[in-house]
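Inspection log for the structure reproduced underneath, given as structure tokens.
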Amino acid sequence: MTVTLVPPPAPLPALLAPASSRPLDVLGVPGQTNLDHAASAPCARAAADAVAELLPWYASVHRGAGALSRRCTLAYERARQTVGDFFGARPGDHVIFTRNTTDALNLLARALPAGTTVVTFAGEHHANLLPWPRGSVRLPVPASPGEAVRALDAALTELRRDATTGTAVAAGGAHPAGSGHPAGPPVLVAVTGASNVTGERWPVAELAAVARRHAARIAVDAAQLAPHAPVDVAALGVDYLAVSGHKLYAPFGAGVLLGRGDWLDAALPYLAGGGATSHVGDATHEVRWAAGPARHEAGTPNLLGAVALAAVCTALADADRDALHAREQALLARLRQGLAALPDVVELRTFGPDAPRVGIVSFVVAGRDSAEVAAELAARHDVGVRDGLFCAHPLARRLLTEAAARSGRRDLPPTALRASLGLGSTARDVDRLLAALAELVGSGRG
């Protein structure tokens with residue numbers, strides 16, 4: 001066998017340059033209408049280009065003295081800095097690369113100080129419902145953003161009422177001594193930034209203000225919010241942020257947990273292994289764990305995923321986010337108005353019909369099984385949507401019940417359909433879905 005070494009396509013200095021000039025478009029397959037961005041967004045060209053440029057240099061990270069290894073280590077750490085800057089990381093925050101949002105929130109759950117109470121809402125994705133310890137508080141799904149704020153305030157007031165003075169700071173609580181905030185056992189509020197079922201945006205800044213007032217920390221599942229709107233942890237006042245690369249046009253298996261370093265540095269490593277240690281002795285348990293992100297990134301890191309995600313962050317930072325938002329909102333309005341005009345189609349929602357939302361709409365076709373509808377859209381019209389309960393079973397079941405009551409229909413299916421928009425979505429895509437649904441509804445009535 002002959003092995004041929006292919007030279008890299010560009011010299012090292014060019015590869016080290018930021019990807020600010022890369023176009024902000026996405027890859028796709030001609031003829032296929034992809035309206036399933038909320039599950040896995042298509043790959044941004046910026047991400048694909050960044051990976052293609054780095055692949056000839058691919059080597060170990062943090063583990064070699066050769067030029068390739070040094071290049072990859074630099075690329076990985078620059079990706080960490082780029083992602084941190086994009087999300088407004090503060091001094092002392094850690095940016096830890098994970099596999100996805102679920103992985104990031106599980107890491108945070110493992111890092112909680114002993115005795116921490118976690119407060120969530122029942123409208124969360126499973127990633128923000130299932131990792132938390134026993135004794136966590138799950139609040140009912142609110143009917144409005146304002147009700148969410150009031151419910152959290154009431155719950156935290158109750159939790160703090162009987163708290164033991166002074167234990168929060170000693171256990172790694174949310175505020176330093178002398179801050180003037182009440183102390184007690186640690187409390188973490190864990191909320192979504194935007195619902196993966198309805199696309200409705202949650203009042204993150206207001207919820208964060210309530211958490212601070214009660215000496216609690218707040219973690220935000222931004223998997224669905226980050227692809228559609230700027231997210232800045234410092235400006236929002238949140239303590240932890242979890243995101244997925246595959247939702248953010250970087251489908252290379254990387255996610256991020258970003259947030260305050262004290263809890264993360266005090267916790268045992270999420271994974272035990274090489275890279276997470278500063279010293280391993282001869283005795284069985286003689287280990288000193290590393291501080292900082294390395295503590296929770298044992299093993300060979302996902303270099304390509306980190307670099308791809310950083311490239312998309314750079315491209316989005318250079319883009320006109322207001323223009324992107326306006327374009328998406330116009331497509332969303334076109335989609336929702338078109339669905340509302342179709343007989344037998346009922347939209348799901350948690351808040352009022354005019355609540356702010358990102359480009360996600362869930363709906364049902366009365367009298368038709370949602371899985372069969374999705375299969376027919378794909379087979380006959382080359383339109384891809386999601387069907388099911390969207391890994392948010394408690395919320396989706398509740399919204400289906402409410403939709404039946406609101407519409408007066410007794411023939412709604414037990415699962416729903418979801419169409420989701422993003423970069424690369426067009427009016428033609430929306431119209432293609434609406435036309436296909438109109439044909440399907442018409443044939444069903446016939």
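Here, A, B, ... name the chains of the structure tokens in the order displayed, residue numbers run from 1 inside each chain, and ligands are numbered from 1 in the same displayed order.
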Using only C-alpha atoms, what does the table of range 290-315 of chain A residues within 10 Å of range 56-65 of chain A look like, with each row giving the shortest atom pair and its distance in Å to one decimal, sorted by chain and ascending number, as a tab-separated table?
residue	atom	partner	partner_atom	distance
A:Gly299	CA	A:Val61	CA	9.9
A:Thr300	CA	A:Val61	CA	7.0
A:Pro301	CA	A:Val61	CA	7.2
A:Asn302	CA	A:Val61	CA	9.3
A:Leu303	CA	A:Val61	CA	7.6
A:Leu304	CA	A:Tyr58	CA	8.6
With a distance cut-off of 7 Å and only C-alpha atoms, select the neighbouring residues of His125 in chain A, excluding the residue or stretch itself and same-chain residues fewer than 2 positions from it, and output the selection as a PyMOL selection string. chain A and resi 123+127-129+391-392
Running DSSP on the backbone, which parts of range 226-386 of chain A land in strand (DSSP E or B), as JSON, numbers by chain? {"A": [240, 241, 242, 243, 244, 255, 256, 257, 258, 259, 260, 277, 278, 279, 280, 287, 288, 289, 345, 346, 347, 357, 360, 361, 362, 363, 364, 365, 383, 384, 386]}
Rounded to one decimal place, report the CA of Trp263 in chain A-CA of Ala242 in chain A distance in Å.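 Rounded to one decimal, the two atoms are 15.4 Å apart.
Residue nearest Val385 in chain A within the list A:Asp85, A:Asp36, A:Glu147, A:Asp318: A:Asp36 [criterion: smallest interatomic distance, only C-alpha atoms].
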Would you pick out the contacts of range 270-272 of chain A at 6 Å or less, using only C-alpha atoms, so that residues sharing its chain but fewer than 6 positions from it are not included, and give the list as a JSON list (two decimals) with N, CA, C and O atoms, in the first residue's frame?
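Saved the output as selection-v3.json:
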[["chain", "number", "residue", "atom", "x", "y", "z"],
["A", 107, "LEU", "N", -23.67, 17.59, 32.63],
["A", 107, "LEU", "CA", -22.42, 17.99, 33.28],
["A", 107, "LEU", "C", -22.70, 18.94, 34.42],
["A", 107, "LEU", "O", -22.18, 18.78, 35.54],
["A", 296, "HIS", "N", -13.20, 18.97, 32.96],
["A", 296, "HIS", "CA", -14.39, 18.25, 32.50],
["A", 296, "HIS", "C", -14.32, 17.87, 31.02],
["A", 296, "HIS", "O", -15.35, 17.60, 30.40],
["A", 298, "ALA", "N", -12.03, 15.36, 29.68],
["A", 298, "ALA", "CA", -11.09, 14.24, 29.61],
["A", 298, "ALA", "C", -11.16, 13.57, 28.24],
["A", 298, "ALA", "O", -12.21, 13.53, 27.59]]
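By chain and then residue number, the residues within 8 Å of Arg138 in chain A are Val119, Thr120, Phe121, Ala122, Ser136 and Pro140 of chain A, counting only C-alpha atoms and disregarding those fewer than 2 positions away in sequence.
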Write the residues you've just listed into a file as a CSV table (one decimal), in the first residue's frame, and include C-alpha atoms for each of them.
chain,number,residue,atom,x,y,z
A,119,VAL,CA,-36.3,24.7,40.0
A,120,THR,CA,-37.6,24.1,36.5
A,121,PHE,CA,-40.9,24.4,34.6
A,122,ALA,CA,-42.9,21.5,33.2
A,136,SER,CA,-36.0,19.3,42.4
A,140,PRO,CA,-46.6,24.1,36.2
So how many Å separate CA of Ala222 in chain A and CA of Val364 in chain A, to one decimal?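 That distance, rounded to one decimal, is 25.6 Å.
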Neighbours of Ala211 in chain A within 8 Å (only C-alpha atoms; same-chain residues fewer than 6 positions away dropped), as a ChimeraX atom specification? /A:153,156,189,217-218
Distance criterion (only C-alpha atoms): nearest to Leu248 in chain A out of A:Ser443, A:Ser278, A:Thr314, A:Gln32: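 When distances to Leu248 in chain A are compared using only C-alpha atoms, the smallest one comes from A:Thr314.
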Surrounding residues of Val430 in chain A excluding itself and chain neighbours under 2 positions, 9 Å, only C-alpha atoms, as a VMD selection string: chain A and resid 33 35 331 to 332 334 to 335 338 421 425 to 428 432 to 435
So which residues of range 87-208 of chain A fall under alpha helix (DSSP H) by DSSP, listed as JSON, numbers by chain? {"A": [101, 102, 103, 104, 105, 106, 107, 108, 109, 110, 111, 145, 146, 147, 148, 149, 150, 151, 152, 153, 154, 155, 156, 157, 158, 159, 160, 161, 167, 168, 169, 170, 204, 205, 206, 207, 208]}
May I have the residues within 12 Å of Gly367 in chain A as a PyMOL selection string, using only C-alpha atoms and disregarding those fewer than 4 positions away in the same chain? chain A and resi 343-346+372-373+404+409-416+440-441+444-445
Output file for the residues above (N, CA, C and O atoms, as a compact mmCIF listing (two decimals), in the first residue's frame):
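Result went into selection-v3.txt, see below:
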# COMPACT_ATOMS: atom_id res chain seq x y z
N PRO A 343 -58.39 24.34 6.83
CA PRO A 343 -59.35 23.64 7.70
C PRO A 343 -58.70 22.40 8.31
O PRO A 343 -57.84 21.77 7.70
N ASP A 344 -59.07 22.11 9.53
CA ASP A 344 -58.62 20.92 10.25
C ASP A 344 -57.20 21.01 10.77
O ASP A 344 -56.69 20.05 11.36
N VAL A 345 -56.53 22.15 10.58
CA VAL A 345 -55.18 22.32 11.11
C VAL A 345 -55.25 23.20 12.35
O VAL A 345 -55.84 24.29 12.32
N VAL A 346 -54.67 22.75 13.45
CA VAL A 346 -54.72 23.46 14.72
C VAL A 346 -53.29 23.65 15.23
O VAL A 346 -52.54 22.67 15.36
N GLU A 372 -48.14 9.64 9.96
CA GLU A 372 -48.54 9.38 8.58
C GLU A 372 -48.49 10.65 7.74
O GLU A 372 -48.08 10.62 6.57
N VAL A 373 -48.87 11.77 8.32
CA VAL A 373 -48.81 13.03 7.60
C VAL A 373 -47.37 13.38 7.27
O VAL A 373 -47.03 13.76 6.14
N ALA A 404 -57.24 20.78 21.74
CA ALA A 404 -58.54 20.14 21.54
C ALA A 404 -59.65 20.96 22.18
O ALA A 404 -60.72 21.17 21.59
N ARG A 409 -62.35 20.34 18.86
CA ARG A 409 -62.20 19.11 18.08
C ARG A 409 -61.95 17.92 19.00
O ARG A 409 -61.19 18.00 19.95
N ARG A 410 -62.61 16.83 18.71
CA ARG A 410 -62.42 15.60 19.47
C ARG A 410 -61.57 14.59 18.72
O ARG A 410 -61.36 13.47 19.19
N ASP A 411 -61.08 14.97 17.52
CA ASP A 411 -60.38 14.01 16.67
C ASP A 411 -58.92 14.41 16.45
O ASP A 411 -58.33 14.07 15.41
N LEU A 412 -58.33 15.13 17.41
CA LEU A 412 -56.93 15.48 17.27
C LEU A 412 -56.06 14.26 17.59
O LEU A 412 -56.37 13.50 18.52
N PRO A 413 -54.97 14.06 16.86
CA PRO A 413 -54.11 12.90 17.10
C PRO A 413 -53.31 13.06 18.39
O PRO A 413 -53.21 14.16 18.95
N PRO A 414 -52.71 11.98 18.89
CA PRO A 414 -51.98 12.05 20.16
C PRO A 414 -50.57 12.60 20.04
O PRO A 414 -49.88 12.77 21.04
N THR A 415 -50.11 12.85 18.82
CA THR A 415 -48.81 13.47 18.61
C THR A 415 -48.97 14.60 17.61
O THR A 415 -50.04 14.76 17.00
N ALA A 416 -47.91 15.39 17.43
CA ALA A 416 -48.01 16.61 16.63
C ALA A 416 -46.98 16.62 15.52
O ALA A 416 -46.11 15.75 15.42
N LEU A 440 -53.37 17.54 1.16
CA LEU A 440 -53.61 16.43 2.08
C LEU A 440 -54.94 16.59 2.80
O LEU A 440 -55.72 15.63 2.92
N VAL A 441 -55.21 17.80 3.28
CA VAL A 441 -56.48 18.07 3.98
C VAL A 441 -57.65 17.87 3.01
O VAL A 441 -58.68 17.27 3.35
N GLY A 444 -58.26 14.28 2.36
CA GLY A 444 -58.82 13.64 3.55
C GLY A 444 -60.30 13.90 3.67
O GLY A 444 -61.09 13.05 4.07
N ARG A 445 -60.72 15.11 3.24
CA ARG A 445 -62.14 15.45 3.33
C ARG A 445 -62.94 14.75 2.23
O ARG A 445 -64.11 14.47 2.38
Per residue of range 191-249 of chain A within 10 Å of range 347-357 of chain A, which atom pair is closest and at what distance in Å (one decimal), using only C-alpha atoms, listed by chain and increasing number, as JSON lines?
{"residue": "A:Ala194", "atom": "CA", "partner": "A:Arg357", "partner_atom": "CA", "distance": 7.2}
{"residue": "A:Ser195", "atom": "CA", "partner": "A:Arg357", "partner_atom": "CA", "distance": 8.4}
{"residue": "A:Val197", "atom": "CA", "partner": "A:Leu348", "partner_atom": "CA", "distance": 8.2}
{"residue": "A:Thr198", "atom": "CA", "partner": "A:Arg349", "partner_atom": "CA", "distance": 5.7}
{"residue": "A:Gly199", "atom": "CA", "partner": "A:Arg357", "partner_atom": "CA", "distance": 5.0}
{"residue": "A:Glu200", "atom": "CA", "partner": "A:Arg357", "partner_atom": "CA", "distance": 4.0}
{"residue": "A:Arg201", "atom": "CA", "partner": "A:Arg357", "partner_atom": "CA", "distance": 5.0}
{"residue": "A:Trp202", "atom": "CA", "partner": "A:Pro356", "partner_atom": "CA", "distance": 8.5}
{"residue": "A:Pro203", "atom": "CA", "partner": "A:Pro356", "partner_atom": "CA", "distance": 9.8}
{"residue": "A:Leu225", "atom": "CA", "partner": "A:Arg357", "partner_atom": "CA", "distance": 9.2}
{"residue": "A:His228", "atom": "CA", "partner": "A:Arg357", "partner_atom": "CA", "distance": 9.6}
Those same residues - N, CA, C and O atoms - I'd like them written as a tab-separated table (two decimals), in the first residue's frame.
chain	number	residue	atom	x	y	z
A	194	ALA	N	-36.07	29.39	24.49
A	194	ALA	CA	-37.18	29.33	23.54
A	194	ALA	C	-37.64	27.89	23.46
A	194	ALA	O	-36.82	26.96	23.40
A	195	SER	N	-38.93	27.68	23.44
A	195	SER	CA	-39.49	26.33	23.48
A	195	SER	C	-39.19	25.59	22.18
A	195	SER	O	-39.40	26.12	21.09
A	197	VAL	N	-40.95	23.17	21.26
A	197	VAL	CA	-42.25	22.72	20.76
A	197	VAL	C	-42.98	23.84	20.04
A	197	VAL	O	-43.49	23.66	18.93
A	198	THR	N	-43.03	25.00	20.65
A	198	THR	CA	-43.81	26.11	20.10
A	198	THR	C	-42.98	27.24	19.54
A	198	THR	O	-43.51	28.10	18.83
A	199	GLY	N	-41.70	27.30	19.88
A	199	GLY	CA	-40.87	28.42	19.47
A	199	GLY	C	-41.04	29.66	20.32
A	199	GLY	O	-40.33	30.65	20.12
A	200	GLU	N	-41.95	29.63	21.27
A	200	GLU	CA	-42.20	30.81	22.09
A	200	GLU	C	-40.98	31.13	22.96
A	200	GLU	O	-40.37	30.25	23.56
A	201	ARG	N	-40.64	32.41	23.02
A	201	ARG	CA	-39.49	32.86	23.79
A	201	ARG	C	-39.89	33.08	25.25
A	201	ARG	O	-40.97	33.58	25.54
A	202	TRP	N	-39.00	32.68	26.14
A	202	TRP	CA	-39.24	32.85	27.56
A	202	TRP	C	-38.54	34.11	28.06
A	202	TRP	O	-37.53	34.53	27.48
A	203	PRO	N	-39.07	34.73	29.12
A	203	PRO	CA	-38.53	36.00	29.61
A	203	PRO	C	-37.24	35.78	30.42
A	203	PRO	O	-37.22	35.93	31.64
A	225	LEU	N	-32.85	28.97	21.19
A	225	LEU	CA	-32.78	30.43	21.11
A	225	LEU	C	-31.54	30.90	20.36
A	225	LEU	O	-31.61	31.81	19.52
A	228	HIS	N	-31.32	31.71	16.60
A	228	HIS	CA	-32.25	32.70	16.07
A	228	HIS	C	-32.04	34.11	16.60
A	228	HIS	O	-32.55	35.07	16.02
Point-to-point distance from CA of Ala436 in chain A to CA of Arg327 in chain A, Å rounded to tenths: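 CA of Arg327 in chain A lies 22.9 Å from CA of Ala436 in chain A.
Using only C-alpha atoms for every distance, the candidate list A:Ala308, A:Ala290, A:Leu188, A:Ala283 yields A:Ala308 as the residue closest to Glu53 in chain A.
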I'd like to know which of A:Ala341, A:Ala38, A:Ala46, A:Ala215 is closest to Ala315 in chain A, using only C-alpha atoms. A:Ala46
Residue nearest Asp382 in chain A among A:Asp429, A:Asp49, A:Arg134, A:Arg336 (counting only C-alpha atoms): A:Asp429
